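The next block is my_file_8.pdb, given as PDB, C-alpha atoms and all ligand atoms.
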```
ATOM      1  CA  MET A   1      99.189 -60.315-180.558  1.00  0.00           C
ATOM      2  CA  ASN A   2     101.002 -63.572-179.906  1.00  0.00           C
ATOM      3  CA  LEU A   3      98.510 -65.971-178.385  1.00  0.00           C
ATOM      4  CA  GLU A   4      99.996 -68.333-175.766  1.00  0.00           C
ATOM      5  CA  TYR A   5      98.671 -71.025-173.440  1.00  0.00           C
ATOM      6  CA  PRO A   6      97.583 -69.826-169.975  1.00  0.00           C
ATOM      7  CA  THR A   7     100.539 -69.382-167.611  1.00  0.00           C
ATOM      8  CA  ALA A   8      99.907 -72.534-165.535  1.00  0.00           C
ATOM      9  CA  LEU A   9      99.851 -74.685-168.656  1.00  0.00           C
ATOM     10  CA  GLN A  10     103.019 -73.033-169.990  1.00  0.00           C
ATOM     11  CA  SER A  11     104.666 -73.748-166.673  1.00  0.00           C
ATOM     12  CA  LEU A  12     103.686 -77.432-166.850  1.00  0.00           C
ATOM     13  CA  ILE A  13     105.156 -77.663-170.355  1.00  0.00           C
ATOM     14  CA  LEU A  14     108.402 -76.069-169.151  1.00  0.00           C
ATOM     15  CA  HIS A  15     108.691 -78.542-166.260  1.00  0.00           C
ATOM     16  CA  LEU A  16     108.101 -81.577-168.473  1.00  0.00           C
ATOM     17  CA  LYS A  17     110.608 -80.255-171.010  1.00  0.00           C
ATOM     18  CA  ARG A  18     113.324 -80.721-168.387  1.00  0.00           C
ATOM     19  CA  LEU A  19     112.789 -84.483-168.353  1.00  0.00           C
ATOM     20  CA  PRO A  20     115.492 -86.494-170.162  1.00  0.00           C
ATOM     21  CA  GLY A  21     114.767 -86.997-173.840  1.00  0.00           C
ATOM     22  CA  ILE A  22     111.721 -84.704-173.861  1.00  0.00           C
ATOM     23  CA  GLY A  23     111.660 -81.798-176.317  1.00  0.00           C
ATOM     24  CA  SER A  24     109.234 -78.871-176.601  1.00  0.00           C
ATOM     25  CA  ARG A  25     106.784 -80.713-178.833  1.00  0.00           C
ATOM     26  CA  SER A  26     106.631 -83.814-176.586  1.00  0.00           C
ATOM     27  CA  ALA A  27     106.295 -81.686-173.470  1.00  0.00           C
ATOM     28  CA  GLU A  28     103.374 -79.887-175.044  1.00  0.00           C
ATOM     29  CA  ARG A  29     101.667 -83.147-176.093  1.00  0.00           C
ATOM     30  CA  MET A  30     102.169 -84.662-172.632  1.00  0.00           C
ATOM     31  CA  SER A  31     100.755 -81.553-170.946  1.00  0.00           C
ATOM     32  CA  LEU A  32      97.649 -81.557-173.131  1.00  0.00           C
ATOM     33  CA  TRP A  33      97.170 -85.291-172.496  1.00  0.00           C
ATOM     34  CA  LEU A  34      97.446 -84.750-168.738  1.00  0.00           C
ATOM     35  CA  LEU A  35      94.881 -81.947-168.942  1.00  0.00           C
ATOM     36  CA  GLN A  36      92.373 -84.303-170.532  1.00  0.00           C
ATOM     37  CA  GLN A  37      92.572 -86.974-167.843  1.00  0.00           C
ATOM     38  CA  PRO A  38      89.659 -87.595-165.456  1.00  0.00           C
ATOM     39  CA  VAL A  39      89.375 -85.259-162.472  1.00  0.00           C
ATOM     40  CA  GLY A  40      91.644 -86.413-159.647  1.00  0.00           C
ATOM     41  CA  THR A  41      94.328 -87.964-161.846  1.00  0.00           C
ATOM     42  CA  LEU A  42      96.677 -84.998-161.593  1.00  0.00           C
ATOM     43  CA  ALA A  43      96.101 -84.604-157.863  1.00  0.00           C
ATOM     44  CA  ALA A  44      97.070 -88.265-157.424  1.00  0.00           C
ATOM     45  CA  LEU A  45     100.163 -87.753-159.608  1.00  0.00           C
ATOM     46  CA  SER A  46     101.274 -84.676-157.690  1.00  0.00           C
ATOM     47  CA  GLU A  47     100.789 -86.552-154.427  1.00  0.00           C
ATOM     48  CA  VAL A  48     103.083 -89.330-155.650  1.00  0.00           C
ATOM     49  CA  LEU A  49     105.703 -86.784-156.726  1.00  0.00           C
ATOM     50  CA  VAL A  50     105.722 -85.131-153.315  1.00  0.00           C
ATOM     51  CA  GLN A  51     105.804 -88.528-151.596  1.00  0.00           C
ATOM     52  CA  VAL A  52     108.811 -89.667-153.667  1.00  0.00           C
ATOM     53  CA  GLU A  53     110.669 -86.449-152.912  1.00  0.00           C
ATOM     54  CA  GLN A  54     110.003 -86.750-149.182  1.00  0.00           C
ATOM     55  CA  GLU A  55     110.420 -90.470-148.679  1.00  0.00           C
ATOM     56  CA  ILE A  56     113.014 -91.797-151.114  1.00  0.00           C
ATOM     57  CA  LYS A  57     116.599 -91.126-150.090  1.00  0.00           C
ATOM     58  CA  PRO A  58     119.865 -92.858-150.954  1.00  0.00           C
ATOM     59  CA  CYS A  59     120.823 -95.470-148.340  1.00  0.00           C
ATOM     60  CA  ALA A  60     123.642 -93.985-146.248  1.00  0.00           C
ATOM     61  CA  SER A  61     125.437 -97.332-146.354  1.00  0.00           C
ATOM     62  CA  CYS A  62     125.064 -98.865-149.836  1.00  0.00           C
ATOM     63  CA  GLY A  63     123.648 -95.964-151.857  1.00  0.00           C
ATOM     64  CA  PHE A  64     120.566 -97.875-153.051  1.00  0.00           C
ATOM     65  CA  PHE A  65     117.136 -96.234-152.871  1.00  0.00           C
ATOM     66  CA  ALA A  66     115.851 -96.274-149.324  1.00  0.00           C
ATOM     67  CA  THR A  67     112.682 -95.190-147.537  1.00  0.00           C
ATOM     68  CA  ARG A  68     112.170 -93.977-143.964  1.00  0.00           C
ATOM     69  CA  GLU A  69     112.141 -97.642-142.969  1.00  0.00           C
ATOM     70  CA  GLY A  70     115.615 -98.056-144.436  1.00  0.00           C
ATOM     71  CA  CYS A  71     117.092 -99.966-147.349  1.00  0.00           C
ATOM     72  CA  ALA A  72     115.715-103.350-148.434  1.00  0.00           C
ATOM     73  CA  ILE A  73     119.191-104.740-149.165  1.00  0.00           C
ATOM     74  CA  CYS A  74     121.096-103.625-146.059  1.00  0.00           C
ATOM     75  CA  GLN A  75     118.246-104.748-143.808  1.00  0.00           C
ATOM     76  CA  ALA A  76     117.722-108.178-145.373  1.00  0.00           C
ATOM     77  CA  PRO A  77     118.821-110.811-142.837  1.00  0.00           C
ATOM     78  CA  ASP A  78     119.507-113.513-145.446  1.00  0.00           C
ATOM     79  CA  ARG A  79     122.231-111.755-147.448  1.00  0.00           C
ATOM     80  CA  ASP A  80     125.831-112.940-147.331  1.00  0.00           C
ATOM     81  CA  PRO A  81     127.779-110.494-145.127  1.00  0.00           C
ATOM     82  CA  ARG A  82     131.093-111.726-146.594  1.00  0.00           C
ATOM     83  CA  LEU A  83     130.406-110.484-150.139  1.00  0.00           C
ATOM     84  CA  LEU A  84     130.451-106.885-151.326  1.00  0.00           C
ATOM     85  CA  CYS A  85     129.744-105.855-154.908  1.00  0.00           C
ATOM     86  CA  ILE A  86     130.860-102.391-156.007  1.00  0.00           C
ATOM     87  CA  VAL A  87     128.808-100.752-158.774  1.00  0.00           C
ATOM     88  CA  GLU A  88     128.870 -97.306-160.327  1.00  0.00           C
ATOM     89  CA  GLN A  89     125.240 -96.327-159.845  1.00  0.00           C
ATOM     90  CA  PRO A  90     122.400 -97.485-157.589  1.00  0.00           C
ATOM     91  CA  THR A  91     120.496 -98.281-160.804  1.00  0.00           C
ATOM     92  CA  ASP A  92     123.109-100.993-161.549  1.00  0.00           C
ATOM     93  CA  ILE A  93     121.938-102.992-158.531  1.00  0.00           C
ATOM     94  CA  LEU A  94     118.563-104.236-159.782  1.00  0.00           C
ATOM     95  CA  PRO A  95     119.938-105.713-163.055  1.00  0.00           C
ATOM     96  CA  ILE A  96     122.380-107.754-160.928  1.00  0.00           C
ATOM     97  CA  GLU A  97     119.642-108.770-158.490  1.00  0.00           C
ATOM     98  CA  ARG A  98     117.495-110.024-161.360  1.00  0.00           C
ATOM     99  CA  THR A  99     120.226-112.451-162.450  1.00  0.00           C
ATOM    100  CA  GLY A 100     120.068-114.171-159.044  1.00  0.00           C
ATOM    101  CA  ALA A 101     123.852-114.673-159.304  1.00  0.00           C
ATOM    102  CA  PHE A 102     124.737-112.561-156.276  1.00  0.00           C
ATOM    103  CA  ARG A 103     123.355-112.607-152.718  1.00  0.00           C
ATOM    104  CA  GLY A 104     125.814-110.356-150.954  1.00  0.00           C
ATOM    105  CA  HIS A 105     125.784-106.637-150.268  1.00  0.00           C
ATOM    106  CA  TYR A 106     126.334-103.687-152.587  1.00  0.00           C
ATOM    107  CA  HIS A 107     128.134-100.384-152.625  1.00  0.00           C
ATOM    108  CA  ALA A 108     127.149 -97.791-155.229  1.00  0.00           C
ATOM    109  CA  LEU A 109     129.931 -95.288-155.887  1.00  0.00           C
ATOM    110  CA  GLY A 110     127.649 -92.650-157.373  1.00  0.00           C
ATOM    111  CA  GLY A 111     129.662 -92.475-160.600  1.00  0.00           C
ATOM    112  CA  ARG A 112     133.048 -93.422-161.992  1.00  0.00           C
ATOM    113  CA  LEU A 113     136.413 -91.769-162.343  1.00  0.00           C
ATOM    114  CA  ALA A 114     136.431 -89.361-165.278  1.00  0.00           C
ATOM    115  CA  PRO A 115     139.384 -86.950-165.062  1.00  0.00           C
ATOM    116  CA  LEU A 116     138.308 -85.114-168.229  1.00  0.00           C
ATOM    117  CA  ASP A 117     134.961 -84.307-166.599  1.00  0.00           C
ATOM    118  CA  ASN A 118     136.696 -83.429-163.316  1.00  0.00           C
ATOM    119  CA  VAL A 119     135.342 -86.482-161.492  1.00  0.00           C
ATOM    120  CA  GLY A 120     138.027 -87.633-159.064  1.00  0.00           C
ATOM    121  CA  PRO A 121     138.050 -90.171-156.215  1.00  0.00           C
ATOM    122  CA  GLU A 122     136.818 -87.510-153.763  1.00  0.00           C
ATOM    123  CA  ASP A 123     133.618 -87.140-155.811  1.00  0.00           C
ATOM    124  CA  LEU A 124     132.721 -90.821-155.394  1.00  0.00           C
ATOM    125  CA  ARG A 125     131.601 -92.689-152.263  1.00  0.00           C
ATOM    126  CA  ILE A 126     135.050 -94.173-151.742  1.00  0.00           C
ATOM    127  CA  GLY A 127     135.593 -92.972-148.155  1.00  0.00           C
ATOM    128  CA  GLU A 128     132.322 -94.647-147.183  1.00  0.00           C
ATOM    129  CA  LEU A 129     133.489 -97.778-149.007  1.00  0.00           C
ATOM    130  CA  MET A 130     136.765 -97.925-147.097  1.00  0.00           C
ATOM    131  CA  ASP A 131     134.887 -97.470-143.808  1.00  0.00           C
ATOM    132  CA  ARG A 132     132.544-100.347-144.650  1.00  0.00           C
ATOM    133  CA  ILE A 133     135.408-102.654-145.573  1.00  0.00           C
ATOM    134  CA  ARG A 134     137.315-101.685-142.433  1.00  0.00           C
ATOM    135  CA  THR A 135     134.394-102.266-140.085  1.00  0.00           C
ATOM    136  CA  GLY A 136     132.527-105.033-141.947  1.00  0.00           C
ATOM    137  CA  GLU A 137     133.221-108.740-142.279  1.00  0.00           C
ATOM    138  CA  PHE A 138     133.694-108.759-146.051  1.00  0.00           C
ATOM    139  CA  GLU A 139     135.944-111.454-147.485  1.00  0.00           C
ATOM    140  CA  GLU A 140     135.417-110.804-151.192  1.00  0.00           C
ATOM    141  CA  VAL A 141     134.915-107.513-153.002  1.00  0.00           C
ATOM    142  CA  VAL A 142     133.552-107.785-156.541  1.00  0.00           C
ATOM    143  CA  LEU A 143     134.447-104.834-158.768  1.00  0.00           C
ATOM    144  CA  ALA A 144     131.377-104.557-161.012  1.00  0.00           C
ATOM    145  CA  THR A 145     132.019-101.195-162.624  1.00  0.00           C
ATOM    146  CA  GLY A 146     131.358-100.981-166.388  1.00  0.00           C
ATOM    147  CA  ALA A 147     133.486-102.684-169.038  1.00  0.00           C
ATOM    148  CA  ASP A 148     134.258 -99.388-170.802  1.00  0.00           C
ATOM    149  CA  VAL A 149     137.417 -97.294-170.351  1.00  0.00           C
ATOM    150  CA  ALA A 150     136.130 -95.251-167.392  1.00  0.00           C
ATOM    151  CA  GLY A 151     134.688 -98.350-165.714  1.00  0.00           C
ATOM    152  CA  GLU A 152     138.015-100.189-166.086  1.00  0.00           C
ATOM    153  CA  ALA A 153     139.966 -97.175-164.814  1.00  0.00           C
ATOM    154  CA  THR A 154     137.704 -96.997-161.773  1.00  0.00           C
ATOM    155  CA  ALA A 155     138.114-100.738-161.098  1.00  0.00           C
ATOM    156  CA  ASN A 156     141.910-100.433-161.412  1.00  0.00           C
ATOM    157  CA  TYR A 157     141.972 -97.510-159.007  1.00  0.00           C
ATOM    158  CA  LEU A 158     139.859 -99.394-156.453  1.00  0.00           C
ATOM    159  CA  ALA A 159     141.987-102.530-156.854  1.00  0.00           C
ATOM    160  CA  GLU A 160     145.040-100.407-156.101  1.00  0.00           C
ATOM    161  CA  ILE A 161     143.716 -98.822-152.915  1.00  0.00           C
ATOM    162  CA  LEU A 162     142.099-102.077-151.701  1.00  0.00           C
ATOM    163  CA  ARG A 163     145.188-104.239-152.192  1.00  0.00           C
ATOM    164  CA  SER A 164     146.401-103.606-148.673  1.00  0.00           C
ATOM    165  CA  SER A 165     143.038-104.529-147.130  1.00  0.00           C
ATOM    166  CA  ASN A 166     142.355-108.091-146.172  1.00  0.00           C
ATOM    167  CA  VAL A 167     139.784-108.941-148.871  1.00  0.00           C
ATOM    168  CA  ARG A 168     139.873-110.987-152.052  1.00  0.00           C
ATOM    169  CA  LEU A 169     139.296-108.752-155.072  1.00  0.00           C
ATOM    170  CA  THR A 170     137.438-110.031-158.108  1.00  0.00           C
ATOM    171  CA  ARG A 171     136.328-108.417-161.344  1.00  0.00           C
ATOM    172  CA  LEU A 172     133.361-109.422-163.513  1.00  0.00           C
ATOM    173  CA  ALA A 173     134.419-111.760-166.314  1.00  0.00           C
ATOM    174  CA  GLN A 174     134.556-110.591-169.903  1.00  0.00           C
ATOM    175  CA  GLY A 175     131.464-111.180-171.912  1.00  0.00           C
ATOM    176  CA  MET A 176     130.078-107.932-170.675  1.00  0.00           C
ATOM    177  CA  PRO A 177     129.340-105.701-173.674  1.00  0.00           C
ATOM    178  CA  VAL A 178     132.540-103.766-174.327  1.00  0.00           C
ATOM    179  CA  GLY A 179     131.980-100.053-173.977  1.00  0.00           C
ATOM    180  CA  GLY A 180     128.712-100.616-172.181  1.00  0.00           C
ATOM    181  CA  GLY A 181     127.422-100.058-168.689  1.00  0.00           C
ATOM    182  CA  LEU A 182     125.760-102.764-166.617  1.00  0.00           C
ATOM    183  CA  ASP A 183     122.325-101.559-167.620  1.00  0.00           C
ATOM    184  CA  THR A 184     122.970-102.515-171.260  1.00  0.00           C
ATOM    185  CA  ALA A 185     123.798-106.163-170.453  1.00  0.00           C
ATOM    186  CA  ASP A 186     121.167-108.852-170.692  1.00  0.00           C
ATOM    187  CA  SER A 187     120.483-111.026-167.703  1.00  0.00           C
ATOM    188  CA  LEU A 188     122.274-114.157-168.949  1.00  0.00           C
ATOM    189  CA  THR A 189     125.440-112.258-169.890  1.00  0.00           C
ATOM    190  CA  LEU A 190     125.489-110.601-166.492  1.00  0.00           C
ATOM    191  CA  HIS A 191     124.854-113.933-164.770  1.00  0.00           C
ATOM    192  CA  ARG A 192     127.834-115.521-166.564  1.00  0.00           C
ATOM    193  CA  ALA A 193     130.017-112.508-165.894  1.00  0.00           C
ATOM    194  CA  PHE A 194     129.350-113.022-162.191  1.00  0.00           C
ATOM    195  CA  GLN A 195     129.967-116.756-162.228  1.00  0.00           C
ATOM    196  CA  HIS A 196     133.303-116.359-163.991  1.00  0.00           C
ATOM    197  CA  ARG A 197     134.508-113.288-162.139  1.00  0.00           C
ATOM    198  CA  ARG A 198     138.291-113.289-161.953  1.00  0.00           C
ATOM    199  CA  ASN A 199     140.660-112.797-159.095  1.00  0.00           C
ATOM    200  CA  LEU A 200     142.523-109.521-158.802  1.00  0.00           C
ATOM    201  CA  SER A 201     144.210-110.241-155.479  1.00  0.00           C
ATOM    202  CA  HIS A 202     147.889-111.157-155.392  1.00  0.00           C
ATOM    203  CA  ASP A 203     147.645-113.935-152.884  1.00  0.00           C
ATOM    204  CA  ALA A 204     145.044-116.327-154.329  1.00  0.00           C
TER     205      ALA A 204
HETATM  206 ZN    ZN B 301     121.552-100.023-148.181  1.00  0.00          ZN
END
```

Target encoding structure tokens, full file:
Amino acid sequence: MNLEYPTALQSLILHLKRLPGIGSRSAERMSLWLLQQPVGTLAALSEVLVQVEQEIKPCASCGFFATREGCAICQAPDRDPRLLCIVEQPTDILPIERTGAFRGHYHALGGRLAPLDNVGPEDLRIGELMDRIRTGEFEEVVLATGADVAGEATANYLAEILRSSNVRLTRLAQGMPVGGGLDTADSLTLHRAFQHRRNLSHDA
């Protein structure tokens, strides 16, 4: 007969195998390691998992990670209400925050335009973006999508549809790693890219 792990352990291995970058062997090693931890460790872990699922939601306004109390960025009273930085993913926000180069608000699109993968404007949070620009007091919109082809295409599309609105459009300066997303840039590079962001508006 083919001897297998007990069902619960097999199930744990299968769940861990779904994590990014984890294969069968790693999932098995992780499961066995977890099994050997002191009593209470796994209960604490499962509690955290449930808590994260129940409490962490994308902010309805900017798309950053929010709790029941709301989003730390949108609620901060000291942020510049005239500046809006558009990024592809909510995970692009913290690298920018760490540079200290930007103290405005953010808008995470939830992706970028990729026609070959069937990702069009309607799949991104562009309607929400237009609403915010219409109702907010933004004076400058920084297009901080990636410096690769899809990131540039997304920035060009946004520049096109935002031209008629009454905001100054800027794009991060070159110096960003070509072909890379924001998460691959070091802090200094990102800081400089912000300081030297260039104007995309016609009028200035
Ligand atoms: Zn927010």

Segment 49-65 of chain A environment, 10 Å, only C-alpha atoms, sequence neighbours closer than 4 positions dropped, as a PDB file with C-alpha atoms, keeping the file's coordinate frame:
```
ATOM      1  CA  ALA A  43      96.101 -84.604-157.863  1.00  0.00           C
ATOM      2  CA  ALA A  44      97.070 -88.265-157.424  1.00  0.00           C
ATOM      3  CA  LEU A  45     100.163 -87.753-159.608  1.00  0.00           C
ATOM      4  CA  GLU A  69     112.141 -97.642-142.969  1.00  0.00           C
ATOM      5  CA  GLY A  70     115.615 -98.056-144.436  1.00  0.00           C
ATOM      6  CA  CYS A  71     117.092 -99.966-147.349  1.00  0.00           C
ATOM      7  CA  ALA A  72     115.715-103.350-148.434  1.00  0.00           C
ATOM      8  CA  ILE A  73     119.191-104.740-149.165  1.00  0.00           C
ATOM      9  CA  CYS A  74     121.096-103.625-146.059  1.00  0.00           C
ATOM     10  CA  LEU A  84     130.451-106.885-151.326  1.00  0.00           C
ATOM     11  CA  CYS A  85     129.744-105.855-154.908  1.00  0.00           C
ATOM     12  CA  ILE A  86     130.860-102.391-156.007  1.00  0.00           C
ATOM     13  CA  VAL A  87     128.808-100.752-158.774  1.00  0.00           C
ATOM     14  CA  GLN A  89     125.240 -96.327-159.845  1.00  0.00           C
ATOM     15  CA  PRO A  90     122.400 -97.485-157.589  1.00  0.00           C
ATOM     16  CA  THR A  91     120.496 -98.281-160.804  1.00  0.00           C
ATOM     17  CA  ASP A  92     123.109-100.993-161.549  1.00  0.00           C
ATOM     18  CA  ILE A  93     121.938-102.992-158.531  1.00  0.00           C
ATOM     19  CA  LEU A  94     118.563-104.236-159.782  1.00  0.00           C
ATOM     20  CA  HIS A 105     125.784-106.637-150.268  1.00  0.00           C
ATOM     21  CA  TYR A 106     126.334-103.687-152.587  1.00  0.00           C
ATOM     22  CA  HIS A 107     128.134-100.384-152.625  1.00  0.00           C
ATOM     23  CA  ALA A 108     127.149 -97.791-155.229  1.00  0.00           C
ATOM     24  CA  LEU A 109     129.931 -95.288-155.887  1.00  0.00           C
ATOM     25  CA  GLY A 110     127.649 -92.650-157.373  1.00  0.00           C
ATOM     26  CA  ARG A 125     131.601 -92.689-152.263  1.00  0.00           C
ATOM     27  CA  GLU A 128     132.322 -94.647-147.183  1.00  0.00           C
ATOM     28  CA  LEU A 129     133.489 -97.778-149.007  1.00  0.00           C
ATOM     29  CA  ASP A 131     134.887 -97.470-143.808  1.00  0.00           C
ATOM     30  CA  ARG A 132     132.544-100.347-144.650  1.00  0.00           C
TER      31      ARG A 132
END
```

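The spacing separating atom CA of Val142 of chain A from atom CA of Ala193 of chain A amounts to 11.1 Å.
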
Grab the atom CA of Leu32 of chain A to atom CA of Ile13 of chain A distance for me, in Å with one decimal place.
->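 Taking atom CA of Leu32 of chain A and atom CA of Ile13 of chain A, their separation equals 8.9 Å.
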
What gap, in Å, lies between atom CA of Arg68 of chain A and atom CA of Gly104 of chain A?
-> 22.4 Å

Closest of A:Leu35, A:Ala147, A:Ala185, A:Met30 to Pro95 of chain A - atom-to-atom distances counting all atoms listed in the file =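 Distance minimum relative to Pro95 of chain A lands on A:Ala185.
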
Which residue out of A:Ala66, A:Ala173, A:Leu14, A:Val48 has the minimum interatomic distance to ligand ZN 301 (chain B) when all atoms listed in the file are used?
-> A:Ala66

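The residue that comes closest to ligand ZN 301 (chain B), out of A:Ala114, A:Ala76, A:Val39, A:Leu19 and on the basis of all atoms listed in the file, is A:Ala76.
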
May I ask which of the residues A:Ile161, A:Asp186, A:Arg29, A:Phe102 is the closest one to Lys17 of chain A, counting all atoms listed in the file?
->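 With all atoms listed in the file as the atom set, the closest residue is A:Arg29.
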
I would like the residues chosen by the PyMOL selection byres (((chain A and resi 167) around 6) and not hetatm) on the shown file; could you give them as a PyMOL selection string?
-> chain A and resi 139-140+165-166+168

Please provide the set of residues having any atom within 12 Å of Ala27 of chain A, restricted to all atoms listed in the file, with same-chain residues fewer than 6 positions apart removed, written as a PyMOL selection string.
-> chain A and resi 9-21+33-34

Residues selected by the PyMOL selection byres (((chain A and resi 191) around 10) and not hetatm), written as a list of chain:residue names =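 Expected selection for the PyMOL selection byres (((chain A and resi 191) around 10) and not hetatm) here is A:Pro95, A:Ile96, A:Glu97, A:Arg98, A:Thr99, A:Gly100, A:Ala101, A:Phe102, A:Leu172, A:Ala173, A:Met176, A:Ala185, A:Asp186, A:Ser187, A:Leu188, A:Thr189, A:Leu190, A:Arg192, A:Ala193, A:Phe194, A:Gln195, A:His196.
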
Keeping only C-alpha atoms, write the selected residues to a file as a tab-separated table (two decimals), keeping the file's coordinate frame.
```
chain	number	residue	atom	x	y	z
A	95	PRO	CA	119.94	-105.71	-163.06
A	96	ILE	CA	122.38	-107.75	-160.93
A	97	GLU	CA	119.64	-108.77	-158.49
A	98	ARG	CA	117.50	-110.02	-161.36
A	99	THR	CA	120.23	-112.45	-162.45
A	100	GLY	CA	120.07	-114.17	-159.04
A	101	ALA	CA	123.85	-114.67	-159.30
A	102	PHE	CA	124.74	-112.56	-156.28
A	172	LEU	CA	133.36	-109.42	-163.51
A	173	ALA	CA	134.42	-111.76	-166.31
A	176	MET	CA	130.08	-107.93	-170.68
A	185	ALA	CA	123.80	-106.16	-170.45
A	186	ASP	CA	121.17	-108.85	-170.69
A	187	SER	CA	120.48	-111.03	-167.70
A	188	LEU	CA	122.27	-114.16	-168.95
A	189	THR	CA	125.44	-112.26	-169.89
A	190	LEU	CA	125.49	-110.60	-166.49
A	192	ARG	CA	127.83	-115.52	-166.56
A	193	ALA	CA	130.02	-112.51	-165.89
A	194	PHE	CA	129.35	-113.02	-162.19
A	195	GLN	CA	129.97	-116.76	-162.23
A	196	HIS	CA	133.30	-116.36	-163.99
```
